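Contents: one structure, followed by commentary.
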Amino acid sequence: MIKNWYNTLSLFLVLIFGCALFYIGTDGFSSVTAETARVNKLMENKPQFPDVTLEDSNSQTYSISEFKGKYVLITFIYTSCTTVCPQLEMNMSEVYDLLPSKYIGEEIMFLSISFDPTKDDPATLDKYKDYFNSDGETWRMARISNQAELSALLEAFGVIVIPDTNGNFTHNSAFYLVDPKGSLVDVMDYTEINEAAQKIVRVLENEEGD
């Protein structure tokens with residue numbers, strides 16, 4: 001009886017301790033709830049991709065109208081990132097490979113946007129894209145040189161980018177799906193690769209049926 005009571009008390013204390021650590025690690029759960037609230041707000045408002053000038057790995061410049069009439073799956077990265085960005089782009093590559101080839105370049109484009117335009121010039125982006133088998137055409141990597149334009153896009157899409165003193169950034173990550181009219185229509189968990197691919201296929205199939 002005493003042993004069972006002791007085991008129950010021990011389990012209870014472990015649970016309390018675990019919850020306390022989670023509370024502290026998430027700044028009172030705020031980092032979890034804030035990100036969820038941010039995504040929910042984006043899904044509700046469906047912001048328009050702002051008028052910015054993209055410069056890709058081929059040194060070509062254009063606006064989002066370059067992709068008019070097509071869906072665009074977008075990630076936000078910086079090439080010197082050694083934490084989440086490589087995994088984000090690897091997962092992007094897997095989504096690319098999972099989609100039926102008939103849609104690639106015809107119904108949907110892929111776009112990775114650097115928020116470190118000073119370091120991520122076209123030559124750097126050109127080298128970086130090769131790590132993930134980006135073809136530079138149906139999947140492009142680009143920067144926005146104008147800081148005001150870049151800030152406007154990051155704010156519109158709820159992308160949090162916090163620089164540190166070592167030239168690195170803390171940032172949130174996701175897949176952002178923009179529709180043929182340039183409106184954000186979905187924000188997807190980048191770790192859920194199959195789910196993201198399936199959702200995109202459903203969207204494209206519905207588009208075909210309209």
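Each chain of the structure tokens is named A, B, ... in the order shown, its residues numbered from 1; ligands are numbered from 1 in display order.
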
Mind dumping a table of every region 50-94 of chain A residue within 12 Å of region 159-165 of chain A, with the nearest atom pair and its distance in Å to one decimal, using only C-alpha atoms, sorted by chain and rising number, as CSV?
```
residue,atom,partner,partner_atom,distance
A:Ile74,CA,A:Val159,CA,11.7
A:Thr75,CA,A:Val159,CA,10.0
A:Phe76,CA,A:Val159,CA,8.0
A:Ile77,CA,A:Val161,CA,9.8
A:Tyr78,CA,A:Val161,CA,10.4
A:Cys81,CA,A:Pro163,CA,11.7
```

Taking all heavy atoms for each residue, export the selection above as a tab-separated table (two decimals), in the first residue's frame.
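Saved result, selection.tsv, follows:
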```
chain	number	residue	atom	x	y	z
A	74	ILE	N	6.17	28.60	-50.69
A	74	ILE	CA	7.26	29.48	-50.29
A	74	ILE	C	7.86	29.07	-48.94
A	74	ILE	O	7.14	28.66	-48.03
A	74	ILE	CB	6.75	30.94	-50.20
A	74	ILE	CG1	6.24	31.40	-51.57
A	74	ILE	CG2	7.84	31.88	-49.70
A	74	ILE	CD1	5.53	32.74	-51.53
A	75	THR	N	9.18	29.18	-48.86
A	75	THR	CA	9.88	29.09	-47.58
A	75	THR	C	10.73	30.34	-47.41
A	75	THR	O	11.08	31.00	-48.38
A	75	THR	CB	10.80	27.85	-47.50
A	75	THR	OG1	11.71	27.86	-48.60
A	75	THR	CG2	9.99	26.57	-47.50
A	76	PHE	N	11.06	30.64	-46.14
A	76	PHE	CA	11.93	31.77	-45.82
A	76	PHE	C	13.17	31.24	-45.12
A	76	PHE	O	13.07	30.51	-44.13
A	76	PHE	CB	11.19	32.78	-44.93
A	76	PHE	CG	10.05	33.46	-45.63
A	76	PHE	CD1	8.77	32.93	-45.56
A	76	PHE	CD2	10.25	34.62	-46.36
A	76	PHE	CE1	7.70	33.55	-46.22
A	76	PHE	CE2	9.20	35.25	-47.01
A	76	PHE	CZ	7.92	34.72	-46.94
A	77	ILE	N	14.35	31.61	-45.64
A	77	ILE	CA	15.60	30.99	-45.21
A	77	ILE	C	16.74	32.02	-45.18
A	77	ILE	O	16.57	33.15	-45.62
A	77	ILE	CB	16.01	29.86	-46.17
A	77	ILE	CG1	16.15	30.44	-47.60
A	77	ILE	CG2	15.02	28.71	-46.16
A	77	ILE	CD1	17.15	29.75	-48.46
A	78	TYR	N	17.90	31.57	-44.70
A	78	TYR	CA	19.16	32.25	-45.00
A	78	TYR	C	20.21	31.16	-45.14
A	78	TYR	O	20.20	30.16	-44.42
A	78	TYR	CB	19.52	33.30	-43.95
A	78	TYR	CG	19.91	32.81	-42.58
A	78	TYR	CD1	21.23	32.86	-42.14
A	78	TYR	CD2	18.95	32.34	-41.69
A	78	TYR	CE1	21.58	32.45	-40.87
A	78	TYR	CE2	19.29	31.93	-40.42
A	78	TYR	CZ	20.61	31.98	-40.01
A	78	TYR	OH	20.94	31.56	-38.74
A	81	CYS	N	22.53	29.49	-42.38
A	81	CYS	CA	21.84	28.82	-41.28
A	81	CYS	C	22.31	27.38	-41.16
A	81	CYS	O	22.40	26.66	-42.17
A	81	CYS	CB	20.33	28.87	-41.53
A	81	CYS	SG	19.33	27.97	-40.32
```

Open item on the list: Could you list, as a VMD selection string, every residue within 6 Å of Leu73 (chain A), counting only C-alpha atoms and ignoring same-chain residues fewer than 3 positions away?
Closed with: chain A and resid 110 176 to 177

File dump, residues just selected, C-alpha atoms, as a PDB file, in the first residue's frame:
```pdb
ATOM      1  CA  PHE A 110       8.423  26.643 -55.547  1.00  0.00           C
ATOM      2  CA  TYR A 176       3.466  29.157 -47.128  1.00  0.00           C
ATOM      3  CA  LEU A 177       1.069  28.511 -50.003  1.00  0.00           C
TER       4      LEU A 177
END
```

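CA of Met141 (chain A) is found 21.7 Å from CA of Glu192 (chain A).
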
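Residues of region 80-169 of chain A carrying a DSSP assignment of strand (DSSP E), computed from the backbone, are Ile108, Met109, Phe110, Leu111, Ser112, Ile113, Ser114, Trp139, Arg140, Met141, Ala142, Arg143, Val161, Ile162, Pro163 and Phe169 of chain A.
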
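Distances here use only C-alpha atoms; by that measure, the residue among A:Gly167, A:Gly158, A:Gly182, A:Pro117 closest to Asp56 (chain A) is A:Pro117.
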
Open item on the list: Which residues are near Leu54 (chain A)? Cut-off 7 Å, only C-alpha atoms, ignore same chain within fewer than 6 positions. Put them as a list in words.
Closed with: Thr61, Tyr62, Ser63, Ala142, Arg143 and Ile144 of chain A

Write the selection just made, keeping all heavy atoms, as a short mmCIF file (atom, residue, chain, number, x, y, z; two decimals), in the first residue's frame?
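Once written, out19.cif looks like this:
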```cif
data_model
loop_
_atom_site.label_atom_id
_atom_site.label_comp_id
_atom_site.auth_asym_id
_atom_site.auth_seq_id
_atom_site.Cartn_x
_atom_site.Cartn_y
_atom_site.Cartn_z
N THR A 61 15.40 39.59 -62.13
CA THR A 61 14.55 40.31 -61.18
C THR A 61 13.12 40.35 -61.69
O THR A 61 12.88 40.48 -62.90
CB THR A 61 15.07 41.74 -60.96
OG1 THR A 61 15.11 42.43 -62.22
CG2 THR A 61 16.46 41.74 -60.35
N TYR A 62 12.17 40.25 -60.75
CA TYR A 62 10.76 40.26 -61.10
C TYR A 62 9.93 40.37 -59.83
O TYR A 62 10.46 40.25 -58.72
CB TYR A 62 10.36 38.99 -61.87
CG TYR A 62 11.02 37.73 -61.36
CD1 TYR A 62 10.59 37.08 -60.21
CD2 TYR A 62 12.11 37.19 -62.04
CE1 TYR A 62 11.20 35.94 -59.75
CE2 TYR A 62 12.74 36.04 -61.58
CZ TYR A 62 12.28 35.42 -60.44
OH TYR A 62 12.91 34.28 -59.97
N SER A 63 8.65 40.58 -59.99
CA SER A 63 7.73 40.61 -58.85
C SER A 63 6.99 39.28 -58.78
O SER A 63 7.21 38.38 -59.61
CB SER A 63 6.73 41.76 -59.02
OG SER A 63 5.86 41.48 -60.11
N ALA A 142 15.64 33.08 -54.13
CA ALA A 142 15.75 34.51 -54.43
C ALA A 142 15.95 35.33 -53.16
O ALA A 142 15.72 34.86 -52.05
CB ALA A 142 14.50 34.98 -55.18
N ARG A 143 16.39 36.56 -53.35
CA ARG A 143 16.50 37.51 -52.27
C ARG A 143 15.69 38.76 -52.60
O ARG A 143 15.31 38.97 -53.76
CB ARG A 143 17.96 37.91 -52.02
CG ARG A 143 18.58 38.71 -53.18
CD ARG A 143 19.98 39.17 -52.85
NE ARG A 143 20.60 39.89 -53.95
CZ ARG A 143 21.78 40.51 -53.88
NH1 ARG A 143 22.46 40.50 -52.73
NH2 ARG A 143 22.28 41.13 -54.93
N ILE A 144 15.42 39.57 -51.60
CA ILE A 144 14.78 40.87 -51.77
C ILE A 144 15.77 41.90 -51.23
O ILE A 144 15.95 42.01 -50.02
CB ILE A 144 13.44 40.94 -51.02
CG1 ILE A 144 12.49 39.86 -51.54
CG2 ILE A 144 12.80 42.32 -51.18
CD1 ILE A 144 11.24 39.68 -50.70
#
```

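Distances to Ile113 (chain A) were evaluated for A:Leu153, A:Ala148, A:Leu99, A:Ala34 using only C-alpha atoms, and the minimum falls at A:Leu153.
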
- [ ] Select from region 79-206 of chain A everything DSSP, run on the backbone, classes as alpha helix (DSSP H), then give the selection as a ChimeraX atom specification.
- [x] /A:84-98,122-130,147-156,193-206

Same residues, N, CA and C atoms, output as a compact mmCIF listing (two decimals), in the first residue's frame:
```txt
# COMPACT_ATOMS: atom_id res chain seq x y z
N VAL A 84 17.66 25.07 -38.59
CA VAL A 84 16.41 24.64 -39.18
C VAL A 84 16.37 24.75 -40.71
N CYS A 85 17.07 25.71 -41.28
CA CYS A 85 16.95 25.96 -42.72
C CYS A 85 17.30 24.76 -43.61
N PRO A 86 18.42 24.07 -43.35
CA PRO A 86 18.72 22.91 -44.20
C PRO A 86 17.61 21.86 -44.15
N GLN A 87 17.04 21.63 -42.95
CA GLN A 87 15.95 20.66 -42.87
C GLN A 87 14.69 21.17 -43.56
N LEU A 88 14.44 22.46 -43.43
CA LEU A 88 13.30 23.07 -44.09
C LEU A 88 13.37 22.88 -45.59
N GLU A 89 14.55 23.14 -46.16
CA GLU A 89 14.72 23.01 -47.61
C GLU A 89 14.75 21.56 -48.06
N MET A 90 15.30 20.68 -47.24
CA MET A 90 15.27 19.26 -47.57
C MET A 90 13.82 18.76 -47.61
N ASN A 91 13.02 19.22 -46.66
CA ASN A 91 11.61 18.84 -46.65
C ASN A 91 10.87 19.44 -47.84
N MET A 92 11.25 20.66 -48.21
CA MET A 92 10.67 21.29 -49.40
C MET A 92 10.98 20.43 -50.63
N SER A 93 12.20 19.93 -50.70
CA SER A 93 12.60 19.07 -51.81
C SER A 93 11.75 17.81 -51.86
N GLU A 94 11.45 17.25 -50.70
CA GLU A 94 10.63 16.04 -50.65
C GLU A 94 9.20 16.32 -51.10
N VAL A 95 8.65 17.46 -50.69
CA VAL A 95 7.32 17.84 -51.16
C VAL A 95 7.33 17.99 -52.68
N TYR A 96 8.34 18.63 -53.20
CA TYR A 96 8.50 18.82 -54.65
C TYR A 96 8.45 17.46 -55.35
N ASP A 97 9.20 16.48 -54.81
CA ASP A 97 9.27 15.16 -55.44
C ASP A 97 7.97 14.37 -55.30
N LEU A 98 7.20 14.66 -54.26
CA LEU A 98 5.95 13.92 -54.03
C LEU A 98 4.80 14.40 -54.92
N PRO A 122 23.11 36.43 -55.66
CA PRO A 122 22.75 35.38 -56.62
C PRO A 122 23.75 34.23 -56.69
N ALA A 123 25.04 34.53 -56.62
CA ALA A 123 26.04 33.46 -56.69
C ALA A 123 25.92 32.51 -55.51
N THR A 124 25.69 33.06 -54.32
CA THR A 124 25.53 32.23 -53.13
C THR A 124 24.27 31.39 -53.21
N LEU A 125 23.20 32.00 -53.66
CA LEU A 125 21.94 31.27 -53.82
C LEU A 125 22.07 30.17 -54.87
N ASP A 126 22.85 30.44 -55.90
CA ASP A 126 23.03 29.44 -56.97
C ASP A 126 23.74 28.20 -56.43
N LYS A 127 24.72 28.39 -55.58
CA LYS A 127 25.42 27.25 -54.97
C LYS A 127 24.50 26.53 -53.99
N TYR A 128 23.77 27.30 -53.21
CA TYR A 128 22.92 26.73 -52.17
C TYR A 128 21.81 25.86 -52.77
N LYS A 129 21.25 26.31 -53.88
CA LYS A 129 20.13 25.57 -54.48
C LYS A 129 20.53 24.16 -54.90
N ASP A 130 21.81 23.99 -55.25
CA ASP A 130 22.26 22.68 -55.73
C ASP A 130 22.25 21.63 -54.63
N GLN A 147 15.39 46.54 -48.19
CA GLN A 147 15.06 46.13 -46.83
C GLN A 147 13.62 46.48 -46.45
N ALA A 148 13.13 47.61 -46.93
CA ALA A 148 11.75 47.99 -46.63
C ALA A 148 10.77 47.00 -47.25
N GLU A 149 11.05 46.58 -48.46
CA GLU A 149 10.19 45.59 -49.13
C GLU A 149 10.26 44.25 -48.42
N LEU A 150 11.47 43.85 -48.04
CA LEU A 150 11.64 42.59 -47.32
C LEU A 150 10.87 42.61 -46.00
N SER A 151 11.00 43.70 -45.27
CA SER A 151 10.30 43.82 -43.98
C SER A 151 8.80 43.77 -44.16
N ALA A 152 8.30 44.39 -45.23
CA ALA A 152 6.86 44.38 -45.50
C ALA A 152 6.36 42.97 -45.75
N LEU A 153 7.13 42.18 -46.49
CA LEU A 153 6.74 40.80 -46.77
C LEU A 153 6.77 39.96 -45.50
N LEU A 154 7.84 40.07 -44.74
CA LEU A 154 7.95 39.28 -43.51
C LEU A 154 6.82 39.62 -42.54
N GLU A 155 6.49 40.88 -42.44
CA GLU A 155 5.40 41.29 -41.56
C GLU A 155 4.06 40.78 -42.05
N ALA A 156 3.83 40.89 -43.35
CA ALA A 156 2.56 40.45 -43.92
C ALA A 156 2.33 38.96 -43.71
N ILE A 193 5.62 16.41 -44.01
CA ILE A 193 5.90 16.41 -45.45
C ILE A 193 4.77 15.79 -46.26
N ASN A 194 4.37 14.59 -45.92
CA ASN A 194 3.32 13.90 -46.67
C ASN A 194 2.00 14.65 -46.61
N GLU A 195 1.69 15.17 -45.42
CA GLU A 195 0.45 15.91 -45.25
C GLU A 195 0.44 17.17 -46.11
N ALA A 196 1.57 17.85 -46.17
CA ALA A 196 1.67 19.06 -46.99
C ALA A 196 1.48 18.72 -48.46
N ALA A 197 2.14 17.67 -48.91
CA ALA A 197 2.04 17.27 -50.32
C ALA A 197 0.61 16.88 -50.66
N GLN A 198 -0.03 16.12 -49.77
CA GLN A 198 -1.41 15.69 -50.02
C GLN A 198 -2.36 16.87 -50.07
N LYS A 199 -2.14 17.83 -49.18
CA LYS A 199 -3.00 19.01 -49.15
C LYS A 199 -2.85 19.81 -50.45
N ILE A 200 -1.62 19.97 -50.91
CA ILE A 200 -1.37 20.72 -52.14
C ILE A 200 -2.01 20.02 -53.34
N VAL A 201 -1.90 18.70 -53.39
CA VAL A 201 -2.52 17.94 -54.49
C VAL A 201 -4.02 18.14 -54.49
N ARG A 202 -4.64 18.13 -53.31
CA ARG A 202 -6.09 18.34 -53.24
C ARG A 202 -6.46 19.72 -53.76
N VAL A 203 -5.66 20.72 -53.39
CA VAL A 203 -5.91 22.08 -53.85
C VAL A 203 -5.82 22.15 -55.38
N LEU A 204 -4.79 21.55 -55.93
CA LEU A 204 -4.58 21.59 -57.37
C LEU A 204 -5.64 20.79 -58.13
N GLU A 205 -6.07 19.68 -57.54
CA GLU A 205 -7.13 18.89 -58.17
C GLU A 205 -8.45 19.66 -58.18
N ASN A 206 -8.72 20.36 -57.09
CA ASN A 206 -9.94 21.18 -57.03
C ASN A 206 -9.87 22.31 -58.04
```

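Excluding Glu66 (chain A) itself and same-chain residues fewer than 6 positions from it, the residues having an atom within 12 Å of it are Asp51, Val52, Thr53, Leu54, Glu55, Asp56, Gln60, Val72, Gly105, Met109, Leu111, Glu137, Thr138, Arg140, Pro180, Lys181 and Gly182 of chain A, counting only C-alpha atoms.
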
Save the residues we just selected, N, CA and C atoms, as a PDB file, in the first residue's frame?
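Generated output (result06.pdb):
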```pdb
ATOM      1  N   ASP A  51       4.067  44.006 -53.098  1.00  0.00           N
ATOM      2  CA  ASP A  51       4.798  44.344 -54.312  1.00  0.00           C
ATOM      3  C   ASP A  51       6.278  44.502 -53.972  1.00  0.00           C
ATOM      4  N   VAL A  52       7.037  43.438 -54.163  1.00  0.00           N
ATOM      5  CA  VAL A  52       8.475  43.451 -53.879  1.00  0.00           C
ATOM      6  C   VAL A  52       9.222  42.990 -55.124  1.00  0.00           C
ATOM      7  N   THR A  53      10.502  43.310 -55.171  1.00  0.00           N
ATOM      8  CA  THR A  53      11.339  42.869 -56.285  1.00  0.00           C
ATOM      9  C   THR A  53      12.218  41.712 -55.834  1.00  0.00           C
ATOM     10  N   LEU A  54      12.020  40.569 -56.451  1.00  0.00           N
ATOM     11  CA  LEU A  54      12.806  39.374 -56.172  1.00  0.00           C
ATOM     12  C   LEU A  54      13.986  39.320 -57.132  1.00  0.00           C
ATOM     13  N   GLU A  55      15.135  38.897 -56.635  1.00  0.00           N
ATOM     14  CA  GLU A  55      16.299  38.647 -57.479  1.00  0.00           C
ATOM     15  C   GLU A  55      16.743  37.208 -57.236  1.00  0.00           C
ATOM     16  N   ASP A  56      16.685  36.378 -58.270  1.00  0.00           N
ATOM     17  CA  ASP A  56      16.935  34.959 -58.061  1.00  0.00           C
ATOM     18  C   ASP A  56      18.395  34.571 -58.320  1.00  0.00           C
ATOM     19  N   GLN A  60      18.059  37.227 -62.207  1.00  0.00           N
ATOM     20  CA  GLN A  60      16.856  37.767 -62.840  1.00  0.00           C
ATOM     21  C   GLN A  60      16.005  38.452 -61.778  1.00  0.00           C
ATOM     22  N   VAL A  72       2.114  29.140 -55.546  1.00  0.00           N
ATOM     23  CA  VAL A  72       3.527  29.212 -55.194  1.00  0.00           C
ATOM     24  C   VAL A  72       3.700  28.715 -53.762  1.00  0.00           C
ATOM     25  N   GLY A 105       5.608  23.497 -62.292  1.00  0.00           N
ATOM     26  CA  GLY A 105       5.878  24.497 -63.319  1.00  0.00           C
ATOM     27  C   GLY A 105       4.659  24.920 -64.102  1.00  0.00           C
ATOM     28  N   MET A 109       4.600  26.607 -58.500  1.00  0.00           N
ATOM     29  CA  MET A 109       6.029  26.911 -58.482  1.00  0.00           C
ATOM     30  C   MET A 109       6.514  26.848 -57.031  1.00  0.00           C
ATOM     31  N   LEU A 111       9.380  28.482 -54.286  1.00  0.00           N
ATOM     32  CA  LEU A 111      10.185  29.689 -54.118  1.00  0.00           C
ATOM     33  C   LEU A 111      10.739  29.755 -52.693  1.00  0.00           C
ATOM     34  N   GLU A 137      14.400  27.077 -61.775  1.00  0.00           N
ATOM     35  CA  GLU A 137      13.316  27.520 -62.656  1.00  0.00           C
ATOM     36  C   GLU A 137      11.959  27.216 -62.034  1.00  0.00           C
ATOM     37  N   THR A 138      11.615  25.931 -61.897  1.00  0.00           N
ATOM     38  CA  THR A 138      10.349  25.591 -61.245  1.00  0.00           C
ATOM     39  C   THR A 138      10.466  25.700 -59.724  1.00  0.00           C
ATOM     40  N   ARG A 140      12.771  28.162 -57.422  1.00  0.00           N
ATOM     41  CA  ARG A 140      13.737  29.244 -57.443  1.00  0.00           C
ATOM     42  C   ARG A 140      14.122  29.672 -56.037  1.00  0.00           C
ATOM     43  N   PRO A 180      -3.048  31.612 -57.065  1.00  0.00           N
ATOM     44  CA  PRO A 180      -2.733  32.270 -58.348  1.00  0.00           C
ATOM     45  C   PRO A 180      -2.987  33.774 -58.375  1.00  0.00           C
ATOM     46  N   LYS A 181      -3.735  34.289 -57.394  1.00  0.00           N
ATOM     47  CA  LYS A 181      -3.979  35.732 -57.332  1.00  0.00           C
ATOM     48  C   LYS A 181      -3.022  36.434 -56.371  1.00  0.00           C
ATOM     49  N   GLY A 182      -2.100  35.672 -55.775  1.00  0.00           N
ATOM     50  CA  GLY A 182      -1.109  36.265 -54.893  1.00  0.00           C
ATOM     51  C   GLY A 182      -1.515  36.352 -53.441  1.00  0.00           C
TER      52      GLY A 182
END
```

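In terms of minimum interatomic distance to Phe169 (chain A), A:Asp116 ranks closest within A:Glu208, A:Asp116, A:Asp121, A:Glu44, counting only C-alpha atoms.
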
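Reported to one decimal place, the separation of CA of Lys102 (chain A) from CA of Ser65 (chain A) is 21.5 Å.
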
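The closest residue to Ser114 (chain A), picked from A:Asn146, A:Phe67, A:Val187, A:Leu42 and counting only C-alpha atoms, is A:Asn146.
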
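The gap separating CA of Thr191 (chain A) from CA of Pro50 (chain A) is 26.5 Å, in Å to one decimal.
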
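Considering the residues A:Phe157, A:Phe49, A:Phe175, A:Tyr71 and counting only C-alpha atoms, Tyr103 (chain A) has its shortest atom-to-atom contact with A:Tyr71.
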